[in-house]
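Engineer: My structure is below; once you've seen it, I'll send some questions.
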Amino acid sequence: MTKISCVINEQPYQFEIDPRLSLLELLRENGFTSVKESCGVGECGSCTVLVDNIPTDTCIQLAVWADGKTIRTAEGEHKNGVLSSIQQAYVDKGAVQCGFCTPGLIMTSTAIIEKYSGQMLSREKIRRELAGNLCRCTGYEKVIDAVQAALAKTMESPAK
Ligand code: FES
Ligand code: FES
């Protein structure tokens, strides 16, 4: 067993884990069930969280590699019951179908909004930024609408 410490959604955690455990398994076993397993091999992005603010496929990361890192999952993005701007934009634009890919897409979209705050991106650029996240329902157009809507908000009031 190996001990690790990390911060998840602004709360400190310590775990004693099997060094073979994936980060996906660690998160799901500890209640972060927004993190979805689909392909399990780093192809679909359903298991994406932000590790030190970088979108990361947790199915191909060992949990031990999270030692000392800061992790954000979709559960932590709403504050006091208020959705983050990108979560709200997904709702407003109807960018969810079955929803299985949605938490991963939300986290990648969150990274896009923070990286490009105050700018508007073309649909093509957003498509490229979201290329690591696959949707089985192929609902990409409304997802791009949502990212553009959230970016537009950052142009009214920069930062998040
Ligand atoms: S489940 Fe991790 S990338 Fe598909
Ligand atoms: S909304 Fe169904 S997989 Fe994307």
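We name chains A, B, ... following the order of the structure tokens; residues begin at 1 in each chain, and ligands are numbered from 1 as shown.
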Using DSSP secondary structure from the backbone, list all strand (DSSP E) positions within segment 3-159 of chain A, as an MDAnalysis selection string.
Structural biologist: chainID A and resid 3:8 11:17 48:51 54:57 70:72
Engineer: Which polymer residues have any atom within 8 Å of an atom of Gln148 of chain A, counting only C-alpha atoms, with same-chain residues fewer than 5 positions away left out, as a PDB file with N, CA, C and O atoms, in the first residue's frame?
Structural biologist:
ATOM      1  N   MET A 120     -12.980  35.292 -28.031  1.00  0.00           N
ATOM      2  CA  MET A 120     -13.956  34.415 -28.677  1.00  0.00           C
ATOM      3  C   MET A 120     -13.186  33.484 -29.613  1.00  0.00           C
ATOM      4  O   MET A 120     -12.253  33.904 -30.294  1.00  0.00           O
ATOM      5  N   LEU A 121     -13.540  32.215 -29.582  1.00  0.00           N
ATOM      6  CA  LEU A 121     -12.883  31.227 -30.446  1.00  0.00           C
ATOM      7  C   LEU A 121     -13.826  30.824 -31.568  1.00  0.00           C
ATOM      8  O   LEU A 121     -15.050  30.799 -31.391  1.00  0.00           O
ATOM      9  N   ARG A 123     -15.634  28.151 -34.149  1.00  0.00           N
ATOM     10  CA  ARG A 123     -16.173  26.810 -33.918  1.00  0.00           C
ATOM     11  C   ARG A 123     -15.108  25.758 -34.216  1.00  0.00           C
ATOM     12  O   ARG A 123     -15.004  24.751 -33.536  1.00  0.00           O
TER      13      ARG A 123
END
Engineer: May I ask you to write as a PyMOL selection string all residues lying at most 7 Å from ligand 2, with only C-alpha atoms and all ligand atoms counted?
Structural biologist: chain A and resi 96-102+135-139
Engineer: Around ligand 1, at most 7 Å away and counting only C-alpha atoms and all ligand atoms, which residues are there? Put them as a ChimeraX atom specification, please.
Structural biologist: /A:36-48,57-60
Engineer: Using Å and a single decimal, report how far atom CA of Glu10 of chain A sits from atom CA of Arg72 of chain A.
Structural biologist: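 Atom-to-atom, atom CA of Arg72 of chain A and atom CA of Glu10 of chain A are spaced 7.9 Å apart.
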Engineer: Using only C-alpha atoms, which residues sit within 6 Å of segment 21-31 of chain A once same-chain residues fewer than 2 positions away are excluded, as a PyMOL selection string?
Structural biologist: chain A and resi 18-19+33+58-59+61-63
Engineer: Among segment 21-103 of chain A, which residues carry a DSSP assignment of alpha helix (DSSP H), reported as a CSV table (one decimal) with C-alpha atoms, in the first residue's frame?
Structural biologist:
chain,number,residue,atom,x,y,z
A,23,LEU,CA,-7.0,7.6,-10.7
A,24,LEU,CA,-10.4,6.8,-12.2
A,25,GLU,CA,-11.0,4.0,-9.7
A,26,LEU,CA,-9.8,6.1,-6.8
A,27,LEU,CA,-12.1,9.0,-7.6
A,28,ARG,CA,-15.2,6.8,-8.2
A,29,GLU,CA,-14.5,4.7,-5.1
A,85,SER,CA,-20.8,29.5,-16.2
A,86,ILE,CA,-20.0,26.6,-18.5
A,87,GLN,CA,-22.3,24.2,-16.7
A,88,GLN,CA,-25.1,26.8,-17.0
A,89,ALA,CA,-24.3,27.3,-20.7
A,90,TYR,CA,-24.7,23.5,-21.3
A,91,VAL,CA,-28.1,23.7,-19.7
A,92,ASP,CA,-29.1,26.9,-21.6
A,93,LYS,CA,-28.0,25.5,-24.9
A,102,THR,CA,-21.0,15.4,-20.2
A,103,PRO,CA,-18.9,15.6,-17.0
Engineer: Give the answer as one residue: which of A:Met155, A:Ile4, A:Leu130, A:Ala146 has the shortest atom-to-atom distance to Trp65 of chain A, using only C-alpha atoms?
Structural biologist: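 Once distances to Trp65 of chain A are computed over only C-alpha atoms, the minimum belongs to A:Ile4.
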Engineer: Quick check, in Å to one decimal: how far apart do atom CA of Thr56 of chain A and atom CA of Val82 of chain A lie?
Structural biologist: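 Between atom CA of Thr56 of chain A and atom CA of Val82 of chain A the gap works out to 24.7 Å.
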Engineer: What does the structure give for the distance between atom CA of Ile17 of chain A and atom CA of Ser5 of chain A, in Å to one decimal?
Structural biologist: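 These atoms are spaced 10.8 Å apart.
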Engineer: Given only C-alpha atoms as the basis, pick out the residue of A:Val64, A:Leu83, A:Ile54, A:Cys6 nearest to Glu114 of chain A.
Structural biologist: A:Ile54
Engineer: Pick from A:Gln14, A:Ser117, A:Thr73, A:Thr108: nearest to Leu134 of chain A, with only C-alpha atoms counted?
Structural biologist: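 Between A:Gln14, A:Ser117, A:Thr73, A:Thr108, the residue approaching Leu134 of chain A most closely is A:Thr108.
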